[in-house]
file input.csv (CSV, C-alpha atoms)
chain,number,residue,atom,x,y,z
A,158,MET,CA,-9.4,28.9,14.4
A,159,ALA,CA,-9.5,27.0,11.0
A,160,ALA,CA,-12.2,28.1,8.6
A,161,LEU,CA,-14.6,26.0,6.6
A,162,ASN,CA,-13.9,26.0,2.8
A,163,GLU,CA,-17.0,26.0,0.6
A,164,THR,CA,-15.2,24.8,-2.4
A,165,ILE,CA,-14.2,21.6,-0.5
A,166,HIS,CA,-17.5,21.3,1.5
A,167,GLN,CA,-19.6,20.5,-1.6
A,168,PRO,CA,-20.4,16.7,-1.0
A,169,VAL,CA,-18.8,15.3,-4.2
A,170,ARG,CA,-15.7,17.5,-3.9
A,171,LEU,CA,-15.4,16.6,-0.2
A,172,ARG,CA,-15.4,12.9,-1.1
A,173,ILE,CA,-12.9,13.5,-4.0
A,174,MET,CA,-10.5,15.3,-1.6
A,175,ALA,CA,-11.0,12.7,1.2
A,176,ALA,CA,-10.0,10.0,-1.3
A,177,LEU,CA,-7.0,11.9,-2.7
A,178,VAL,CA,-5.5,12.9,0.6
A,179,THR,CA,-5.7,9.2,1.7
A,180,LEU,CA,-3.2,8.4,-0.9
A,181,ASP,CA,0.5,8.6,0.0
A,182,ALA,CA,1.9,12.1,-1.0
A,183,GLY,CA,3.1,12.0,-4.6
A,184,ASN,CA,0.7,9.2,-5.6
A,185,GLU,CA,-2.0,9.9,-8.2
A,186,VAL,CA,-5.2,7.9,-8.9
A,187,ASP,CA,-6.7,6.9,-12.3
A,188,PHE,CA,-9.8,8.9,-13.3
A,189,THR,CA,-11.9,5.8,-13.9
A,190,TYR,CA,-10.8,4.2,-10.6
A,191,LEU,CA,-11.8,7.4,-8.7
A,192,ARG,CA,-15.1,7.5,-10.6
A,193,ASP,CA,-15.9,3.9,-9.6
A,194,LEU,CA,-14.7,4.5,-6.0
A,195,LEU,CA,-17.0,7.5,-5.6
A,196,GLU,CA,-19.8,6.0,-7.6
A,197,VAL,CA,-20.3,9.2,-9.8
A,198,THR,CA,-20.7,9.7,-13.5
A,199,ASP,CA,-17.8,10.8,-15.8
A,200,GLY,CA,-19.4,14.2,-16.4
A,201,ASN,CA,-20.1,14.9,-12.7
A,202,LEU,CA,-16.6,13.9,-11.7
A,203,GLY,CA,-15.0,15.9,-14.5
A,204,ALA,CA,-16.9,19.0,-13.5
A,205,HIS,CA,-15.9,18.8,-9.9
A,206,LEU,CA,-12.3,18.0,-10.7
A,207,ARG,CA,-12.2,21.2,-12.9
A,208,LYS,CA,-13.4,23.2,-9.9
A,209,LEU,CA,-10.8,21.7,-7.6
A,210,GLU,CA,-8.1,22.1,-10.2
A,211,GLU,CA,-9.0,25.8,-10.7
A,212,ALA,CA,-8.7,26.3,-7.0
A,213,GLY,CA,-5.3,24.7,-7.0
A,214,TYR,CA,-6.3,21.9,-4.7
A,215,ILE,CA,-5.7,19.0,-7.2
A,216,ALA,CA,-3.4,18.3,-10.1
A,217,VAL,CA,-4.6,16.6,-13.2
A,218,ASN,CA,-1.9,14.6,-15.2
A,219,LYS,CA,-2.7,13.2,-18.6
A,220,ILE,CA,-0.3,10.6,-19.8
A,221,PHE,CA,0.0,7.5,-22.1
A,222,VAL,CA,0.3,4.1,-20.4
A,223,GLU,CA,1.0,1.2,-22.8
A,224,ARG,CA,-0.2,3.5,-25.7
A,225,LYS,CA,-3.5,4.3,-24.0
A,226,PRO,CA,-4.4,7.7,-22.7
A,227,HIS,CA,-4.8,7.9,-18.9
A,228,THR,CA,-5.9,10.7,-16.7
A,229,TYR,CA,-4.4,10.7,-13.2
A,230,VAL,CA,-5.5,13.0,-10.3
A,231,SER,CA,-3.6,13.9,-7.1
A,232,ALA,CA,-4.0,16.3,-4.2
A,233,THR,CA,-1.6,19.2,-4.3
A,234,VAL,CA,0.3,20.3,-1.2
A,235,GLU,CA,-2.1,23.3,-1.0
A,236,GLY,CA,-5.1,20.9,-1.4
A,237,ARG,CA,-3.9,18.7,1.4
A,238,ARG,CA,-3.4,21.8,3.7
A,239,VAL,CA,-6.8,23.3,3.1
A,240,PHE,CA,-8.5,19.9,3.4
A,241,GLN,CA,-6.8,19.4,6.8
A,242,GLU,CA,-8.0,22.9,7.8
A,243,HIS,CA,-11.5,22.1,6.7
A,244,VAL,CA,-11.5,18.9,8.8
A,245,ALA,CA,-10.1,20.9,11.8
A,246,ALA,CA,-12.9,23.4,11.4
A,247,LEU,CA,-15.5,20.7,11.3
A,248,GLU,CA,-14.0,19.1,14.4
A,249,SER,CA,-14.0,22.4,16.3
A,250,ILE,CA,-17.7,22.9,15.4
A,251,LEU,CA,-18.4,19.4,16.7
A,252,LYS,CA,-16.6,20.1,20.0
A,253,SER,CA,-18.6,23.3,20.5
A,254,LYS,CA,-21.8,21.2,20.4
B,62,MET,CA,-15.2,31.6,4.2
B,63,THR,CA,-17.5,31.0,1.3
B,64,GLU,CA,-16.6,31.5,-2.3
B,65,LYS,CA,-18.3,34.9,-2.2
B,66,GLY,CA,-16.4,35.9,0.9
B,67,LYS,CA,-19.1,35.4,3.4
B,68,PRO,CA,-18.4,33.2,6.4
B,69,MET,CA,-19.8,29.7,6.1
B,70,ASN,CA,-21.8,28.3,9.0
B,71,ILE,CA,-23.0,24.8,9.5
B,72,SER,CA,-24.6,23.0,12.5
B,73,PRO,CA,-22.8,20.6,14.7
B,74,THR,CA,-25.0,17.8,13.3
B,75,GLU,CA,-24.0,18.6,9.8
B,76,ALA,CA,-20.3,18.8,10.9
B,77,GLU,CA,-20.7,15.3,12.4
B,78,GLU,CA,-22.3,13.9,9.3
B,79,THR,CA,-19.6,15.5,7.1
B,80,LEU,CA,-16.8,14.1,9.2
B,81,ALA,CA,-18.5,10.7,9.1
B,82,ALA,CA,-18.6,11.0,5.3
B,83,ILE,CA,-14.9,11.8,5.1
B,84,GLN,CA,-14.0,8.9,7.3
B,85,LYS,CA,-16.2,6.5,5.2
B,86,ILE,CA,-14.5,7.5,1.9
B,87,SER,CA,-11.0,7.4,3.5
B,88,GLN,CA,-11.7,3.9,4.7
B,89,LYS,CA,-13.2,2.9,1.3
B,90,THR,CA,-10.1,4.3,-0.5
B,91,ARG,CA,-7.7,2.5,1.8
B,92,HIS,CA,-9.7,-0.7,1.4
B,93,ALA,CA,-9.8,-0.4,-2.4
B,94,ILE,CA,-6.1,0.1,-2.7
B,95,ALA,CA,-5.3,-2.6,-0.2
B,96,SER,CA,-7.7,-5.0,-1.9
B,97,SER,CA,-6.1,-4.2,-5.3
B,98,GLY,CA,-2.8,-5.8,-4.5
B,99,THR,CA,-1.2,-5.7,-1.1
B,100,PHE,CA,-3.4,-8.4,0.5
B,101,ILE,CA,-3.0,-10.7,-2.5
B,102,THR,CA,0.8,-10.3,-2.5
B,103,LEU,CA,1.0,-11.0,1.2
B,104,ILE,CA,-1.3,-14.1,0.9
B,105,ALA,CA,0.6,-15.4,-2.1
B,106,THR,CA,4.0,-15.0,-0.3
B,107,GLY,CA,2.5,-16.6,2.8
B,108,VAL,CA,1.3,-19.6,0.7
B,109,VAL,CA,4.7,-19.9,-0.9
B,110,TRP,CA,6.4,-19.9,2.6
B,111,LEU,CA,3.7,-22.2,4.1
B,112,ILE,CA,4.2,-24.9,1.3
B,113,GLY,CA,8.0,-24.4,0.9
B,114,PHE,CA,8.9,-24.5,4.6
B,115,THR,CA,6.5,-27.4,5.4
B,116,CYS,CA,8.1,-29.4,2.6
B,117,THR,CA,11.6,-28.5,3.9
B,118,GLN,CA,10.6,-29.7,7.3
B,119,PHE,CA,9.5,-33.1,6.2
B,120,LEU,CA,11.2,-33.8,2.8
B,121,THR,CA,14.8,-34.3,1.9
B,122,GLY,CA,16.8,-34.5,-1.3
B,123,ASP,CA,16.7,-32.8,-4.7
B,124,ILE,CA,12.9,-32.5,-4.7
B,125,LEU,CA,13.2,-29.6,-2.3
B,126,GLY,CA,15.2,-27.6,-4.8
B,127,TYR,CA,12.5,-28.2,-7.4
B,128,ILE,CA,9.7,-27.3,-5.0
B,129,TRP,CA,11.4,-24.0,-4.0
B,130,THR,CA,12.3,-23.1,-7.6
B,131,GLY,CA,8.7,-23.8,-8.7
B,132,LEU,CA,7.3,-21.8,-5.8
B,133,SER,CA,9.7,-18.9,-6.4
B,134,ILE,CA,8.9,-18.7,-10.1
B,135,LEU,CA,5.2,-18.8,-9.3
B,136,GLY,CA,5.6,-16.0,-6.7
B,137,GLY,CA,7.6,-13.9,-9.2
B,138,ILE,CA,5.0,-14.3,-12.0
B,139,LEU,CA,2.2,-13.5,-9.6
B,140,GLY,CA,4.1,-10.4,-8.2
B,141,THR,CA,4.8,-9.1,-11.7
B,142,PHE,CA,1.2,-9.7,-12.8
B,143,LEU,CA,-0.2,-7.8,-9.7
B,144,GLY,CA,2.3,-5.0,-10.3
B,145,PHE,CA,1.1,-4.5,-13.8
B,146,ARG,CA,-2.6,-4.8,-12.7
B,147,MET,CA,-2.1,-2.2,-10.0
B,148,ALA,CA,0.0,0.2,-12.2
B,149,PRO,CA,-2.9,1.9,-14.1
B,150,ARG,CA,-4.9,2.6,-10.9
B,151,VAL,CA,-2.5,4.2,-8.4
B,152,HIS,CA,0.5,5.8,-10.0
B,153,ASN,CA,3.6,7.6,-8.8
B,154,PRO,CA,5.2,9.9,-11.4
B,155,SER,CA,8.6,9.3,-10.0
B,156,ALA,CA,8.0,5.6,-9.7
B,157,SER,CA,9.9,4.5,-12.8
B,158,ALA,CA,13.2,6.1,-11.5
B,159,THR,CA,12.5,4.6,-8.1
B,160,ALA,CA,11.7,1.2,-9.6
B,161,LYS,CA,15.0,1.2,-11.5
B,162,ARG,CA,16.9,2.0,-8.4
B,163,ALA,CA,14.9,-0.6,-6.4
B,164,GLY,CA,15.7,-3.2,-9.0
B,165,ILE,CA,19.5,-2.4,-8.9
B,166,PHE,CA,19.3,-2.5,-5.0
B,167,TRP,CA,17.7,-6.0,-5.0
B,168,LEU,CA,20.2,-7.3,-7.6
B,169,LEU,CA,23.1,-6.0,-5.5
B,170,LEU,CA,21.5,-7.4,-2.3
B,171,ILE,CA,21.2,-10.8,-3.9
B,172,LEU,CA,24.9,-10.6,-5.0
B,173,TYR,CA,26.0,-9.5,-1.5
B,174,GLY,CA,23.8,-12.4,-0.1
B,175,ILE,CA,25.5,-15.0,-2.3
B,176,ALA,CA,28.9,-13.6,-1.4
B,177,THR,CA,28.1,-13.7,2.3
B,178,ILE,CA,26.9,-17.3,2.1
B,179,LEU,CA,30.0,-18.3,0.1
B,180,ILE,CA,32.3,-16.7,2.7
B,181,VAL,CA,30.4,-17.9,5.8
B,182,ARG,CA,29.7,-21.4,4.3
B,183,PRO,CA,26.7,-22.3,6.4
B,184,THR,CA,27.0,-25.7,8.1
B,185,ASP,CA,23.4,-26.7,7.5
B,186,GLY,CA,20.2,-25.7,5.6
B,187,LYS,CA,18.9,-23.8,8.6
B,188,GLN,CA,21.8,-21.4,8.7
B,189,ALA,CA,21.5,-20.8,5.0
B,190,THR,CA,17.7,-20.3,5.2
B,191,MET,CA,18.2,-17.8,8.2
B,192,LEU,CA,20.8,-15.8,6.2
B,193,ILE,CA,18.4,-15.7,3.2
B,194,ILE,CA,15.5,-14.6,5.4
B,195,LEU,CA,17.6,-11.9,7.0
B,196,PHE,CA,18.8,-10.5,3.6
B,197,ILE,CA,15.2,-10.5,2.3
B,198,MET,CA,13.9,-8.7,5.4
B,199,ILE,CA,16.8,-6.2,5.2
B,200,GLY,CA,15.7,-5.5,1.6
B,201,GLN,CA,12.1,-5.3,2.6
B,202,LEU,CA,12.8,-2.9,5.4
B,203,SER,CA,15.1,-0.7,3.2
B,204,MET,CA,12.4,-0.5,0.5
B,205,GLY,CA,9.8,0.3,3.1
B,206,LEU,CA,11.9,3.1,4.7
B,207,LEU,CA,12.8,4.6,1.3
B,208,VAL,CA,9.6,4.2,-0.6
B,209,SER,CA,6.6,3.7,1.7
B,210,PHE,CA,6.4,3.1,5.5
B,211,SER,CA,3.5,0.7,5.0
B,212,SER,CA,5.8,-2.3,4.4
B,213,VAL,CA,8.3,-1.6,7.2
B,214,TRP,CA,6.5,-2.8,10.3
B,215,TRP,CA,5.5,-6.3,9.1
B,216,ALA,CA,9.1,-7.2,8.2
B,217,LEU,CA,10.2,-6.7,11.8
B,218,PRO,CA,7.9,-9.3,13.4
B,219,ILE,CA,8.7,-11.8,10.7
B,220,THR,CA,12.4,-11.3,11.4
B,221,GLY,CA,11.8,-11.6,15.1
B,222,LEU,CA,9.8,-14.8,14.6
B,223,ALA,CA,12.6,-16.3,12.3
B,224,LEU,CA,15.2,-15.5,15.0
B,225,ILE,CA,13.1,-17.0,17.8
B,226,GLY,CA,12.6,-20.2,15.7
B,227,TYR,CA,16.3,-20.4,14.7
B,228,PHE,CA,17.7,-20.0,18.3
B,229,LEU,CA,15.0,-21.5,20.5
B,230,LEU,CA,13.3,-24.1,18.3
B,231,PRO,CA,15.9,-25.5,15.9
B,232,GLY,CA,14.2,-28.9,15.6
B,233,ILE,CA,11.0,-27.4,14.2
B,234,PHE,CA,12.5,-24.3,12.6
B,235,TYR,CA,11.1,-24.9,9.1
B,236,LEU,CA,7.6,-25.8,10.4
B,237,TRP,CA,7.8,-22.7,12.7
B,238,MET,CA,8.5,-20.5,9.6
B,239,ALA,CA,5.8,-22.2,7.6
B,240,ILE,CA,3.1,-21.7,10.3
B,241,LEU,CA,4.1,-18.4,11.9
B,242,GLY,CA,5.9,-16.8,8.9
B,243,GLY,CA,3.7,-18.1,6.1
B,244,GLY,CA,0.5,-18.3,8.2
B,245,GLY,CA,1.2,-14.9,9.7
B,246,MET,CA,1.5,-13.3,6.2
B,247,ILE,CA,-1.8,-15.0,5.1
B,248,ALA,CA,-3.6,-13.8,8.3
B,249,PHE,CA,-2.2,-10.3,7.9
B,250,GLY,CA,-3.3,-10.3,4.2
B,251,LEU,CA,-6.8,-11.4,5.2
B,252,TYR,CA,-6.9,-8.8,8.0
B,253,ILE,CA,-6.0,-6.0,5.5
B,254,HIS,CA,-8.7,-7.2,3.2
B,255,SER,CA,-11.4,-7.4,5.8
B,256,ARG,CA,-10.6,-4.5,8.1
B,257,TRP,CA,-9.0,-1.6,6.1

call {"tool": "encode", "arguments": {"input": "input.csv", "output": "structure tokens"}}
result
Amino acid sequence: MAALNETIHQPVRLRIMAALVTLDAGNEVDFTYLRDLLEVTDGNLGAHLRKLEEAGYIAVNKIFVERKPHTYVSATVEGRRVFQEHVAALESILKSK
Amino acid sequence: MTEKGKPMNISPTEAEETLAAIQKISQKTRHAIASSGTFITLIATGVVWLIGFTCTQFLTGDILGYIWTGLSILGGILGTFLGFRMAPRVHNPSASATAKRAGIFWLLLILYGIATILIVRPTDGKQATMLIILFIMIGQLSMGLLVSFSSVWWALPITGLALIGYFLLPGIFYLWMAILGGGGMIAFGLYIHSRW
């Protein structure tokens, strides 16, 4: 049976992962776009992204687009796998209701 | 398991709420991405087809060439503008190499299309239009299959509608393409915007 993952279960991190796994594999999303989508502050998002990056669930890519620095975030293969496991664990809890 | 190694337990109610939160943010993400460009592109293309084919049905002469040229330029500018507008938001690291190959593919497809039209020498405008639609849809399907499946399925019904109009309704072929092809794209664009 799939296990719950506490790193992902935290509400903001759960929403970050839900947004990132919705993207096509290989696609990354702009930091500010993600911030506006999730309606969180820069600091809050940055802190949770660091946690997820340390766990290996997301990748952070800093590049220059038209001479402006941009931070892009994407779910890693491992991140997608553990997120699906987390969702499966939630569904099994719901079924056992 | 928790970060400290202890099993994590939550109630079914909390699990239900969490799953609902996941579904909500997934829908919001899909909607945000779709709203950013796809629906506008579909609506813009639909409007170009709607105006262009309606004019082709009812007008004759050189003016048609000017109308289609104007509409094509407008569509190209809008597509490029939306492409740049979308680029900073959702990004694919391997996109530049893919975009270069896609550009070469479309250029070759256009050359092959022109060569085919020169060899076949269509007897009327409908044949030429149908060939152009088929080449565009082949390109769209190929791009969809190679880059993202999202654009595959809508090209198939458009091709089907075009073939039905060409073979069964030759008298109103252009009007058919305007209403069902152009109108269909507009309706699909609005559907994406409102439902995703």

call {"tool": "interface_residues", "arguments": {"input": "input.csv", "of": "chain A", "to": "chain B", "cutoff": "9 Å", "atoms": "all atoms listed in the file", "output": "NGL selection string"}}
result
:A and (160-164 or 166 or 168 or 171-181 or 183-191 or 194-195 or 222 or 227 or 229 or 244 or 246-248 or 250-254)

call {"tool": "residues_around", "arguments": {"input": "input.csv", "residues": "Val239 in chain A", "least_positions_apart": "4", "cutoff": "8 Å", "atoms": "all atoms listed in the file", "output": "list in words"}}
result
Asn162, Tyr214, Glu235 and His243 of chain A

call {"tool": "atom_distance", "arguments": {"input": "input.csv", "atom1": "CA of Ser231 in chain A", "atom2": "CA of Ile253 in chain B"}}
result
23.7 Å

call {"tool": "atom_distance", "arguments": {"input": "input.csv", "atom1": "CA of Thr228 in chain A", "atom2": "CA of Ala182 in chain A"}}
result
17.6 Å

call {"tool": "closest_residue", "arguments": {"input": "input.csv", "among": "B:Ile193, B:Ala239, B:Ile171, B:Ala248", "to": "Thr115 in chain B", "atoms": "all atoms listed in the file"}}
result
B:Ala239

call {"tool": "atom_distance", "arguments": {"input": "input.csv", "atom1": "CA of Gly242 in chain B", "atom2": "CA of Gly221 in chain B"}}
result
10.0 Å

call {"tool": "decode", "arguments": {"input": "input.csv", "residues": "range 85-138 of chain B", "atoms": "C-alpha atoms", "output": "mmCIF file, in the first residue's frame"}}
result
data_model
loop_
_atom_site.group_PDB
_atom_site.id
_atom_site.type_symbol
_atom_site.label_atom_id
_atom_site.label_comp_id
_atom_site.auth_asym_id
_atom_site.auth_seq_id
_atom_site.Cartn_x
_atom_site.Cartn_y
_atom_site.Cartn_z
ATOM 1 C CA LYS B 85 -8.814 22.301 -7.457
ATOM 2 C CA ILE B 86 -5.217 23.424 -8.012
ATOM 3 C CA SER B 87 -4.791 21.029 -10.974
ATOM 4 C CA GLN B 88 -7.887 22.514 -12.611
ATOM 5 C CA LYS B 89 -6.707 26.035 -11.830
ATOM 6 C CA THR B 90 -3.283 25.292 -13.379
ATOM 7 C CA ARG B 91 -4.808 23.783 -16.526
ATOM 8 C CA HIS B 92 -7.166 26.733 -16.813
ATOM 9 C CA ALA B 93 -4.375 29.268 -16.288
ATOM 10 C CA ILE B 94 -2.204 27.660 -18.974
ATOM 11 C CA ALA B 95 -5.096 27.234 -21.401
ATOM 12 C CA SER B 96 -6.263 30.784 -20.776
ATOM 13 C CA SER B 97 -2.759 32.075 -21.427
ATOM 14 C CA GLY B 98 -2.654 31.203 -25.095
ATOM 15 C CA THR B 99 -4.319 28.075 -26.438
ATOM 16 C CA PHE B 100 -7.855 29.374 -26.371
ATOM 17 C CA ILE B 101 -6.862 32.740 -27.888
ATOM 18 C CA THR B 102 -4.930 30.954 -30.680
ATOM 19 C CA LEU B 103 -7.911 28.720 -31.459
ATOM 20 C CA ILE B 104 -10.353 31.628 -31.427
ATOM 21 C CA ALA B 105 -8.039 33.781 -33.590
ATOM 22 C CA THR B 106 -7.577 30.941 -36.133
ATOM 23 C CA GLY B 107 -11.318 30.291 -36.039
ATOM 24 C CA VAL B 108 -12.073 33.952 -36.768
ATOM 25 C CA VAL B 109 -9.570 33.922 -39.685
ATOM 26 C CA TRP B 110 -11.280 30.830 -41.148
ATOM 27 C CA LEU B 111 -14.772 32.194 -40.488
ATOM 28 C CA ILE B 112 -14.098 35.499 -42.279
ATOM 29 C CA GLY B 113 -11.834 34.028 -45.001
ATOM 30 C CA PHE B 114 -14.076 31.136 -46.041
ATOM 31 C CA THR B 115 -17.283 33.194 -45.829
ATOM 32 C CA CYS B 116 -15.701 35.752 -48.173
ATOM 33 C CA THR B 117 -14.523 32.930 -50.476
ATOM 34 C CA GLN B 118 -18.090 31.568 -50.645
ATOM 35 C CA PHE B 119 -19.646 34.875 -51.658
ATOM 36 C CA LEU B 120 -16.905 36.944 -53.330
ATOM 37 C CA THR B 121 -14.818 36.445 -56.462
ATOM 38 C CA GLY B 122 -11.776 38.033 -58.028
ATOM 39 C CA ASP B 123 -8.533 39.525 -56.757
ATOM 40 C CA ILE B 124 -10.057 40.823 -53.546
ATOM 41 C CA LEU B 125 -10.093 37.278 -52.164
ATOM 42 C CA GLY B 126 -6.330 37.075 -52.455
ATOM 43 C CA TYR B 127 -5.970 40.341 -50.542
ATOM 44 C CA ILE B 128 -8.414 39.189 -47.853
ATOM 45 C CA TRP B 129 -6.598 35.865 -47.292
ATOM 46 C CA THR B 130 -3.180 37.549 -47.369
ATOM 47 C CA GLY B 131 -4.338 40.135 -44.808
ATOM 48 C CA LEU B 132 -5.918 37.503 -42.588
ATOM 49 C CA SER B 133 -2.823 35.238 -42.793
ATOM 50 C CA ILE B 134 -0.506 38.122 -41.845
ATOM 51 C CA LEU B 135 -2.815 39.077 -38.955
ATOM 52 C CA GLY B 136 -2.922 35.428 -37.771
ATOM 53 C CA GLY B 137 0.880 35.125 -38.025
ATOM 54 C CA ILE B 138 1.466 38.327 -36.027
#
